[in-house]
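Shown here: upload_17.pdb, PDB, C-alpha atoms.
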ATOM      1  CA  MET W   1       5.590  -8.025  -5.113
ATOM      2  CA  THR W   2       6.599  -4.844  -3.338
ATOM      3  CA  SER W   3       4.602  -2.400  -1.240
ATOM      4  CA  SER W   4       6.348   0.544  -2.858
ATOM      5  CA  PRO W   5       3.869   3.016  -4.375
ATOM      6  CA  ARG W   6       6.189   3.194  -7.359
ATOM      7  CA  ARG W   7       5.269  -0.283  -8.540
ATOM      8  CA  VAL W   8       2.010  -1.569  -9.960
ATOM      9  CA  ARG W   9       0.464  -3.635  -7.186
ATOM     10  CA  ARG W  10      -2.994  -4.367  -8.622
ATOM     11  CA  MET W  11      -2.843  -6.438 -11.808
ATOM     12  CA  PRO W  12       0.958  -6.221 -12.038
ATOM     13  CA  GLU W  13       0.865  -8.028 -15.378
ATOM     14  CA  ARG W  14      -0.300  -4.739 -16.882
ATOM     15  CA  GLU W  15       2.862  -2.909 -15.851
ATOM     16  CA  ARG W  16       5.012  -1.765 -18.744
ATOM     17  CA  HIS W  17       8.767  -1.358 -18.547
ATOM     18  CA  GLU W  18       9.761  -0.478 -22.102
ATOM     19  CA  ARG W  19      10.943   3.079 -22.504
ATOM     20  CA  ALA W  20       9.656   3.123 -26.091
ATOM     21  CA  GLU W  21       6.095   2.593 -24.833
ATOM     22  CA  LEU W  22       6.479   5.441 -22.361
ATOM     23  CA  ASP W  23       7.869   7.758 -25.043
ATOM     24  CA  ALA W  24       4.990   6.940 -27.384
ATOM     25  CA  LEU W  25       2.464   7.888 -24.699
ATOM     26  CA  LEU W  26       4.269  11.091 -23.732
ATOM     27  CA  ASP W  27       4.673  12.146 -27.359
ATOM     28  CA  GLN W  28       0.981  11.566 -28.115
ATOM     29  CA  GLU W  29      -0.573  13.459 -25.228
ATOM     30  CA  LEU W  30      -0.540  17.226 -24.662
ATOM     31  CA  VAL W  31      -1.486  17.730 -21.009
ATOM     32  CA  GLY W  32      -0.308  16.026 -17.831
ATOM     33  CA  HIS W  33      -0.899  16.543 -14.125
ATOM     34  CA  LEU W  34       1.875  17.632 -11.792
ATOM     35  CA  ALA W  35       1.492  16.466  -8.178
ATOM     36  CA  VAL W  36       3.360  18.395  -5.488
ATOM     37  CA  VAL W  37       3.097  18.904  -1.734
ATOM     38  CA  ALA W  38       3.004  22.521  -0.575
ATOM     39  CA  ASP W  39       2.675  23.536   3.073
ATOM     40  CA  GLY W  40       1.740  19.975   3.924
ATOM     41  CA  GLN W  41      -1.137  19.903   1.439
ATOM     42  CA  PRO W  42      -1.283  17.829  -1.770
ATOM     43  CA  LEU W  43      -1.793  19.784  -4.985
ATOM     44  CA  VAL W  44      -2.413  18.553  -8.513
ATOM     45  CA  ILE W  45      -1.846  21.014 -11.348
ATOM     46  CA  PRO W  46      -2.708  20.364 -15.023
ATOM     47  CA  MET W  47       0.146  21.529 -17.228
ATOM     48  CA  ALA W  48       1.220  21.515 -20.853
ATOM     49  CA  TYR W  49       4.418  19.601 -21.449
ATOM     50  CA  ALA W  50       6.743  18.205 -24.081
ATOM     51  CA  ARG W  51       9.221  15.359 -24.090
ATOM     52  CA  VAL W  52      12.670  16.223 -25.395
ATOM     53  CA  GLY W  53      15.013  13.272 -25.187
ATOM     54  CA  ASP W  54      15.262  12.125 -21.590
ATOM     55  CA  GLU W  55      13.460  15.108 -20.080
ATOM     56  CA  LEU W  56       9.950  16.443 -19.718
ATOM     57  CA  LEU W  57       9.648  20.179 -20.255
ATOM     58  CA  LEU W  58       6.851  21.884 -18.349
ATOM     59  CA  HIS W  59       5.434  25.342 -18.916
ATOM     60  CA  GLY W  60       5.111  27.522 -15.861
ATOM     61  CA  SER W  61       4.526  31.108 -14.868
ATOM     62  CA  THR W  62       6.339  33.387 -12.478
ATOM     63  CA  GLY W  63       2.922  33.923 -10.899
ATOM     64  CA  GLY W  64       2.358  30.207 -10.280
ATOM     65  CA  GLY W  65       4.620  29.422  -7.384
ATOM     66  CA  PHE W  66       3.923  25.781  -6.495
ATOM     67  CA  ALA W  67       6.028  24.195  -9.226
ATOM     68  CA  LEU W  68       8.768  26.788  -8.812
ATOM     69  CA  ARG W  69       8.806  26.211  -5.057
ATOM     70  CA  ALA W  70       9.100  22.465  -5.569
ATOM     71  CA  ALA W  71      12.052  23.077  -7.887
ATOM     72  CA  ALA W  72      13.714  25.410  -5.386
ATOM     73  CA  GLU W  73      13.218  22.939  -2.530
ATOM     74  CA  ARG W  74      14.473  19.987  -4.596
ATOM     75  CA  ALA W  75      11.317  18.138  -3.614
ATOM     76  CA  THR W  76      10.301  14.951  -5.374
ATOM     77  CA  VAL W  77       7.254  15.444  -7.592
ATOM     78  CA  ALA W  78       5.101  13.161  -9.713
ATOM     79  CA  PHE W  79       3.896  13.910 -13.240
ATOM     80  CA  ALA W  80       1.036  11.790 -14.598
ATOM     81  CA  VAL W  81      -0.116  11.326 -18.196
ATOM     82  CA  THR W  82      -3.060   9.167 -19.313
ATOM     83  CA  SER W  83      -4.583   8.139 -22.617
ATOM     84  CA  LEU W  84      -8.060   6.596 -22.679
ATOM     85  CA  ASP W  85      -8.067   4.330 -25.754
ATOM     86  CA  GLY W  86     -11.466   2.674 -25.529
ATOM     87  CA  LEU W  87     -14.312   1.357 -23.385
ATOM     88  CA  VAL W  88     -14.745  -2.360 -22.801
ATOM     89  CA  TYR W  89     -18.430  -3.382 -22.680
ATOM     90  CA  ALA W  90     -18.736  -6.681 -20.825
ATOM     91  CA  ARG W  91     -21.944  -8.513 -19.974
ATOM     92  CA  SER W  92     -21.893  -7.111 -16.451
ATOM     93  CA  LEU W  93     -20.880  -3.744 -15.072
ATOM     94  CA  PHE W  94     -18.417  -5.480 -12.748
ATOM     95  CA  ASP W  95     -16.491  -7.000 -15.679
ATOM     96  CA  SER W  96     -16.653  -3.889 -17.873
ATOM     97  CA  SER W  97     -13.412  -1.966 -18.159
ATOM     98  CA  MET W  98     -11.442   0.427 -20.315
ATOM     99  CA  ASN W  99      -8.373   0.244 -22.486
ATOM    100  CA  TYR W 100      -5.790   2.816 -21.510
ATOM    101  CA  ARG W 101      -2.149   3.722 -21.097
ATOM    102  CA  SER W 102      -1.041   5.658 -18.050
ATOM    103  CA  ALA W 103       2.324   6.640 -16.653
ATOM    104  CA  VAL W 104       3.733   8.545 -13.695
ATOM    105  CA  VAL W 105       7.212  10.039 -13.859
ATOM    106  CA  TYR W 106       8.912  10.722 -10.518
ATOM    107  CA  GLY W 107      11.801  13.092  -9.982
ATOM    108  CA  VAL W 108      13.054  16.508  -8.977
ATOM    109  CA  LEU W 109      12.064  19.568 -11.006
ATOM    110  CA  GLU W 110      14.712  21.977 -12.211
ATOM    111  CA  GLU W 111      14.389  25.425 -13.727
ATOM    112  CA  VAL W 112      15.689  25.511 -17.266
ATOM    113  CA  PRO W 113      18.740  27.826 -17.402
ATOM    114  CA  ALA W 114      18.138  31.187 -19.059
ATOM    115  CA  ALA W 115      20.466  30.311 -21.933
ATOM    116  CA  GLU W 116      18.303  27.280 -22.774
ATOM    117  CA  GLU W 117      14.875  28.729 -22.040
ATOM    118  CA  HIS W 118      14.166  29.944 -25.582
ATOM    119  CA  ASP W 119      14.714  26.485 -27.048
ATOM    120  CA  ALA W 120      12.675  24.897 -24.256
ATOM    121  CA  LEU W 121       9.686  27.173 -24.811
ATOM    122  CA  VAL W 122       9.864  26.614 -28.574
ATOM    123  CA  ALA W 123       9.907  22.855 -27.991
ATOM    124  CA  LEU W 124       6.847  23.115 -25.743
ATOM    125  CA  SER W 125       4.960  25.162 -28.321
ATOM    126  CA  ALA W 126       6.011  22.864 -31.155
ATOM    127  CA  HIS W 127       4.690  19.832 -29.275
ATOM    128  CA  LEU W 128       1.297  21.486 -28.829
ATOM    129  CA  MET W 129       1.170  23.225 -32.226
ATOM    130  CA  PRO W 130       3.667  21.610 -34.625
ATOM    131  CA  GLY W 131       5.167  24.143 -37.023
ATOM    132  CA  ARG W 132       3.648  27.177 -35.311
ATOM    133  CA  PRO W 133       6.826  28.707 -33.794
ATOM    134  CA  ALA W 134       8.161  29.508 -37.279
ATOM    135  CA  GLU W 135       4.939  31.356 -38.219
ATOM    136  CA  VAL W 136       4.739  33.905 -35.398
ATOM    137  CA  ARG W 137       6.808  36.774 -34.011
ATOM    138  CA  ASP W 138       9.585  36.298 -31.488
ATOM    139  CA  THR W 139       8.796  36.230 -27.784
ATOM    140  CA  THR W 140       9.427  39.604 -26.135
ATOM    141  CA  LYS W 141      11.605  40.206 -23.074
ATOM    142  CA  LYS W 142       8.480  41.062 -21.081
ATOM    143  CA  GLU W 143       6.896  37.756 -22.057
ATOM    144  CA  TYR W 144      10.049  35.856 -21.115
ATOM    145  CA  ALA W 145      10.042  37.597 -17.747
ATOM    146  CA  ALA W 146       6.534  36.253 -17.045
ATOM    147  CA  THR W 147       7.313  32.693 -18.133
ATOM    148  CA  ARG W 148       9.320  29.860 -16.681
ATOM    149  CA  ALA W 149      10.315  26.566 -18.223
ATOM    150  CA  LEU W 150      10.912  23.622 -15.918
ATOM    151  CA  ARG W 151      12.370  20.236 -16.677
ATOM    152  CA  LEU W 152      11.877  16.832 -15.109
ATOM    153  CA  PRO W 153      14.349  14.045 -15.911
ATOM    154  CA  ILE W 154      12.760  10.821 -17.124
ATOM    155  CA  ALA W 155      14.663   8.502 -14.824
ATOM    156  CA  GLU W 156      12.041   6.774 -12.685
ATOM    157  CA  PHE W 157       8.585   5.955 -13.982
ATOM    158  CA  VAL W 158       5.703   3.551 -13.549
ATOM    159  CA  MET W 159       3.533   2.699 -16.543
ATOM    160  CA  LYS W 160       0.397   0.571 -16.751
ATOM    161  CA  ALA W 161      -1.706  -0.317 -19.766
ATOM    162  CA  ARG W 162      -4.654  -2.398 -20.889
ATOM    163  CA  ALA W 163      -5.168  -3.200 -24.556
ATOM    164  CA  ALA W 164      -7.489  -6.177 -24.699
ATOM    165  CA  GLY W 165     -11.021  -7.262 -25.387
ATOM    166  CA  VAL W 166     -13.765  -8.538 -23.119
ATOM    167  CA  GLY W 167     -12.896 -11.284 -20.672
ATOM    168  CA  GLU W 168     -15.202 -14.077 -21.793
ATOM    169  CA  ALA W 169     -15.313 -17.820 -22.290
ATOM    170  CA  PRO W 170     -17.840 -20.233 -23.840
ATOM    171  CA  ASP W 171     -18.617 -21.728 -20.420
ATOM    172  CA  ASP W 172     -18.642 -18.519 -18.332
ATOM    173  CA  GLY W 173     -22.381 -18.762 -17.618
ATOM    174  CA  GLU W 174     -23.188 -15.407 -19.259
ATOM    175  CA  ASP W 175     -25.944 -14.806 -21.801
ATOM    176  CA  HIS W 176     -23.893 -14.480 -24.968
ATOM    177  CA  ALA W 177     -26.894 -13.048 -26.807
ATOM    178  CA  ALA W 178     -26.126  -9.788 -24.987
ATOM    179  CA  TRP W 179     -23.657  -7.668 -26.980
ATOM    180  CA  ALA W 180     -20.145  -7.351 -25.619
ATOM    181  CA  GLY W 181     -17.074  -5.790 -27.155
ATOM    182  CA  VAL W 182     -14.772  -2.798 -27.303
ATOM    183  CA  VAL W 183     -15.635   0.724 -28.424
ATOM    184  CA  PRO W 184     -12.354   2.414 -29.440
ATOM    185  CA  LEU W 185     -11.961   6.091 -28.646
ATOM    186  CA  GLY W 186     -10.635   8.298 -31.422
ATOM    187  CA  ARG W 187      -9.835  11.996 -31.406
ATOM    188  CA  ALA W 188      -9.943  14.580 -34.166
ATOM    189  CA  TRP W 189      -9.452  18.336 -34.394
ATOM    190  CA  GLY W 190     -12.493  20.388 -35.357
ATOM    191  CA  GLU W 191     -12.978  23.048 -38.002
ATOM    192  CA  PRO W 192     -10.590  25.996 -37.429
ATOM    193  CA  GLU W 193     -12.350  29.119 -36.131
ATOM    194  CA  PRO W 194     -10.667  32.440 -37.002
ATOM    195  CA  SER W 195     -10.473  35.169 -34.393
ATOM    196  CA  PRO W 196     -12.740  38.240 -34.766
ATOM    197  CA  LEU W 197      -9.793  40.437 -35.812
ATOM    198  CA  THR W 198      -8.495  38.045 -38.452
ATOM    199  CA  PRO W 199      -9.459  39.527 -41.854
ATOM    200  CA  ALA W 200     -11.950  37.506 -43.856
ATOM    201  CA  GLY W 201     -10.260  35.335 -46.417
ATOM    202  CA  THR W 202      -6.970  35.071 -44.536
ATOM    203  CA  PRO W 203      -5.576  31.678 -45.506
ATOM    204  CA  LEU W 204      -4.984  29.072 -42.853
ATOM    205  CA  PRO W 205      -1.332  28.742 -41.875
ATOM    206  CA  GLU W 206       0.466  25.562 -42.783
ATOM    207  CA  SER W 207       0.628  24.466 -39.138
ATOM    208  CA  VAL W 208      -3.163  24.565 -38.786
ATOM    209  CA  ARG W 209      -3.754  22.825 -42.117
ATOM    210  CA  ARG W 210      -1.424  20.005 -41.177
ATOM    211  CA  LEU W 211      -2.958  19.631 -37.730
ATOM    212  CA  THR W 212      -6.563  19.568 -38.908
ATOM    213  CA  GLY W 213      -6.163  18.121 -42.400
ATOM    214  CA  VAL W 214      -8.229  20.995 -43.841
TER     215      VAL W 214
END
Output the file's structure as structure tokens, nothing else.
Amino acid sequence: MTSSPRRVRRMPERERHERAELDALLDQELVGHLAVVADGQPLVIPMAYARVGDELLLHGSTGGGFALRAAAERATVAFAVTSLDGLVYARSLFDSSMNYRSAVVYGVLEEVPAAEEHDALVALSAHLMPGRPAEVRDTTKKEYAATRALRLPIAEFVMKARAAGVGEAPDDGEDHAAWAGVVPLGRAWGEPEPSPLTPAGTPLPESVRRLTGV
């Protein structure tokens, strides 16, 4: 056991070390939380992201200076991603729990070089809206000027997960007539809603149809 904050100290048996498990979590989720320290104060910023190989790409703005400042100062940051997979209903509130996967990636942010920024922004958009970049116009110079792409190497991470049922035993003294079990959490996209200026009858693009199954 270590006192380092970059290890799982409570229930260490739930710590995960396999990179494939981390990649699966990062590829599934769409939003993470970037933790930085600015002017001595902790800040947590929700951000869209995408994993490309051994890096996380984060979407920033020239008007949002905290992430850019952290990159310029070469400060260590933390980026957290969590998936809630289900609720565990035990026969007491104390023993109830949740099934989840969570990970924190630690490292130093870098600005993506200008020559690579187009591909980085396309990758971010494609992670959020698969297939959409090919359906829309090119990004303008003005839009590029207002946008920044940052990258965080996936070198050091801590991951923890629970994927189990209720802790119970025939001789645990509980009233087994009370229901206990797991309620899995699923997610689904809703019915697409066209914008007011989209002409009636305009067909859904392929990217939306694939995403929603409509």
When distances are computed from all atoms listed in the file, which of W:Leu124, W:Met11, W:Ala50, W:Leu211 shows the smallest separation from Pro192 of chain W?
W:Leu211
Residue by residue, what does the PyMOL selection byres ((chain W and resi 117) around 12) grab here? Present the result as a PyMOL selection string.
chain W and resi 57-60+110-116+118-124+139+141+144-145+147-151
Residues of the last selection are to be written out with C-alpha atoms, as a compact mmCIF listing (two decimals), in the coordinates of the input.
# COMPACT_ATOMS: atom_id res chain seq x y z
CA LEU W 57 9.65 20.18 -20.26
CA LEU W 58 6.85 21.88 -18.35
CA HIS W 59 5.43 25.34 -18.92
CA GLY W 60 5.11 27.52 -15.86
CA GLU W 110 14.71 21.98 -12.21
CA GLU W 111 14.39 25.42 -13.73
CA VAL W 112 15.69 25.51 -17.27
CA PRO W 113 18.74 27.83 -17.40
CA ALA W 114 18.14 31.19 -19.06
CA ALA W 115 20.47 30.31 -21.93
CA GLU W 116 18.30 27.28 -22.77
CA HIS W 118 14.17 29.94 -25.58
CA ASP W 119 14.71 26.48 -27.05
CA ALA W 120 12.68 24.90 -24.26
CA LEU W 121 9.69 27.17 -24.81
CA VAL W 122 9.86 26.61 -28.57
CA ALA W 123 9.91 22.86 -27.99
CA LEU W 124 6.85 23.12 -25.74
CA THR W 139 8.80 36.23 -27.78
CA LYS W 141 11.60 40.21 -23.07
CA TYR W 144 10.05 35.86 -21.12
CA ALA W 145 10.04 37.60 -17.75
CA THR W 147 7.31 32.69 -18.13
CA ARG W 148 9.32 29.86 -16.68
CA ALA W 149 10.32 26.57 -18.22
CA LEU W 150 10.91 23.62 -15.92
CA ARG W 151 12.37 20.24 -16.68
May I ask for the distance between atom CA of Gly213 of chain W and atom CA of Asp27 of chain W, given in Å to one decimal place?
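Going from atom CA of Gly213 of chain W over to atom CA of Asp27 of chain W, I get 19.5 Å.
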Given the choices W:Leu26, W:Val166, W:Leu128, W:Leu56, which gets closest to Leu93 of chain W if the distance is worked out from all atoms listed in the file?
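Of W:Leu26, W:Val166, W:Leu128, W:Leu56, the one nearest Leu93 of chain W, counting all atoms listed in the file, is W:Val166.
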Just want the 9 Å neighbourhood of segment 33-44 of chain W, counted on only C-alpha atoms, with same-chain residues fewer than 6 positions away dropped. Output as a ChimeraX atom specification.
/W:66-67,69-70,75-81
Using only C-alpha atoms, find each residue in segment 2-113 of chain W having at least one atom no more than 9 Å away from segment 152-162 of chain W; report its shortest atom-to-atom pair and that distance in Å (one decimal), rows by chain then rising number, as a Markdown table.
| residue | atom | partner | partner_atom | distance |
| --- | --- | --- | --- | --- |
| W:Arg6 | CA | W:Val158 | CA | 6.2 |
| W:Arg7 | CA | W:Val158 | CA | 6.3 |
| W:Val8 | CA | W:Val158 | CA | 7.3 |
| W:Pro12 | CA | W:Lys160 | CA | 8.3 |
| W:Glu13 | CA | W:Lys160 | CA | 8.7 |
| W:Arg14 | CA | W:Lys160 | CA | 5.4 |
| W:Glu15 | CA | W:Lys160 | CA | 4.4 |
| W:Arg16 | CA | W:Met159 | CA | 5.2 |
| W:His17 | CA | W:Met159 | CA | 6.9 |
| W:Glu18 | CA | W:Met159 | CA | 8.9 |
| W:Glu21 | CA | W:Met159 | CA | 8.7 |
| W:Leu22 | CA | W:Met159 | CA | 7.1 |
| W:Gly53 | CA | W:Ile154 | CA | 8.7 |
| W:Asp54 | CA | W:Ile154 | CA | 5.3 |
| W:Glu55 | CA | W:Pro153 | CA | 4.4 |
| W:Leu56 | CA | W:Leu152 | CA | 5.0 |
| W:Leu57 | CA | W:Leu152 | CA | 6.5 |
| W:Leu58 | CA | W:Leu152 | CA | 7.8 |
| W:Val77 | CA | W:Leu152 | CA | 8.9 |
| W:Phe79 | CA | W:Leu152 | CA | 8.7 |
| W:Asp85 | CA | W:Arg162 | CA | 9.0 |
| W:Met98 | CA | W:Arg162 | CA | 7.4 |
| W:Asn99 | CA | W:Arg162 | CA | 4.8 |
| W:Tyr100 | CA | W:Arg162 | CA | 5.4 |
| W:Arg101 | CA | W:Ala161 | CA | 4.3 |
| W:Ser102 | CA | W:Lys160 | CA | 5.4 |
| W:Ala103 | CA | W:Met159 | CA | 4.1 |
| W:Val104 | CA | W:Val158 | CA | 5.4 |
| W:Val105 | CA | W:Phe157 | CA | 4.3 |
| W:Tyr106 | CA | W:Glu156 | CA | 5.5 |
| W:Gly107 | CA | W:Leu152 | CA | 6.3 |
| W:Val108 | CA | W:Leu152 | CA | 6.3 |
| W:Leu109 | CA | W:Leu152 | CA | 4.9 |
| W:Glu110 | CA | W:Leu152 | CA | 6.6 |
So how many Å separate atom CA of Ser207 of chain W and atom CA of Leu30 of chain W, to one decimal?
16.2 Å
What does the distance from atom CA of Gly167 of chain W to atom CA of Arg10 of chain W come to in Å, to one decimal?
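Those two atoms sit 17.1 Å apart.
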From the coordinates I just gave you, please extract segment 172-192 of chain W so that only C-alpha atoms remain, then output it as a compact mmCIF listing (two decimals), in the first residue's frame.
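Result file is part_6.txt:
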# COMPACT_ATOMS: atom_id res chain seq x y z
CA ASP W 172 -25.75 -12.78 6.76
CA GLY W 173 -28.70 -12.15 9.10
CA GLU W 174 -30.64 -10.07 6.54
CA ASP W 175 -34.29 -10.55 5.63
CA HIS W 176 -33.94 -12.17 2.23
CA ALA W 177 -37.62 -11.55 1.52
CA ALA W 178 -36.61 -7.94 0.82
CA TRP W 179 -35.63 -7.49 -2.84
CA ALA W 180 -31.97 -6.94 -3.61
CA GLY W 181 -30.17 -6.80 -6.92
CA VAL W 182 -28.65 -4.63 -9.61
CA VAL W 183 -30.42 -2.13 -11.84
CA PRO W 184 -28.23 -1.63 -14.94
CA LEU W 185 -28.07 1.84 -16.43
CA GLY W 186 -28.46 2.10 -20.19
CA ARG W 187 -28.29 5.14 -22.44
CA ALA W 188 -29.99 5.90 -25.73
CA TRP W 189 -30.21 8.90 -28.05
CA GLY W 190 -33.63 10.50 -28.42
CA GLU W 191 -35.63 11.43 -31.49
CA PRO W 192 -33.70 13.93 -33.68
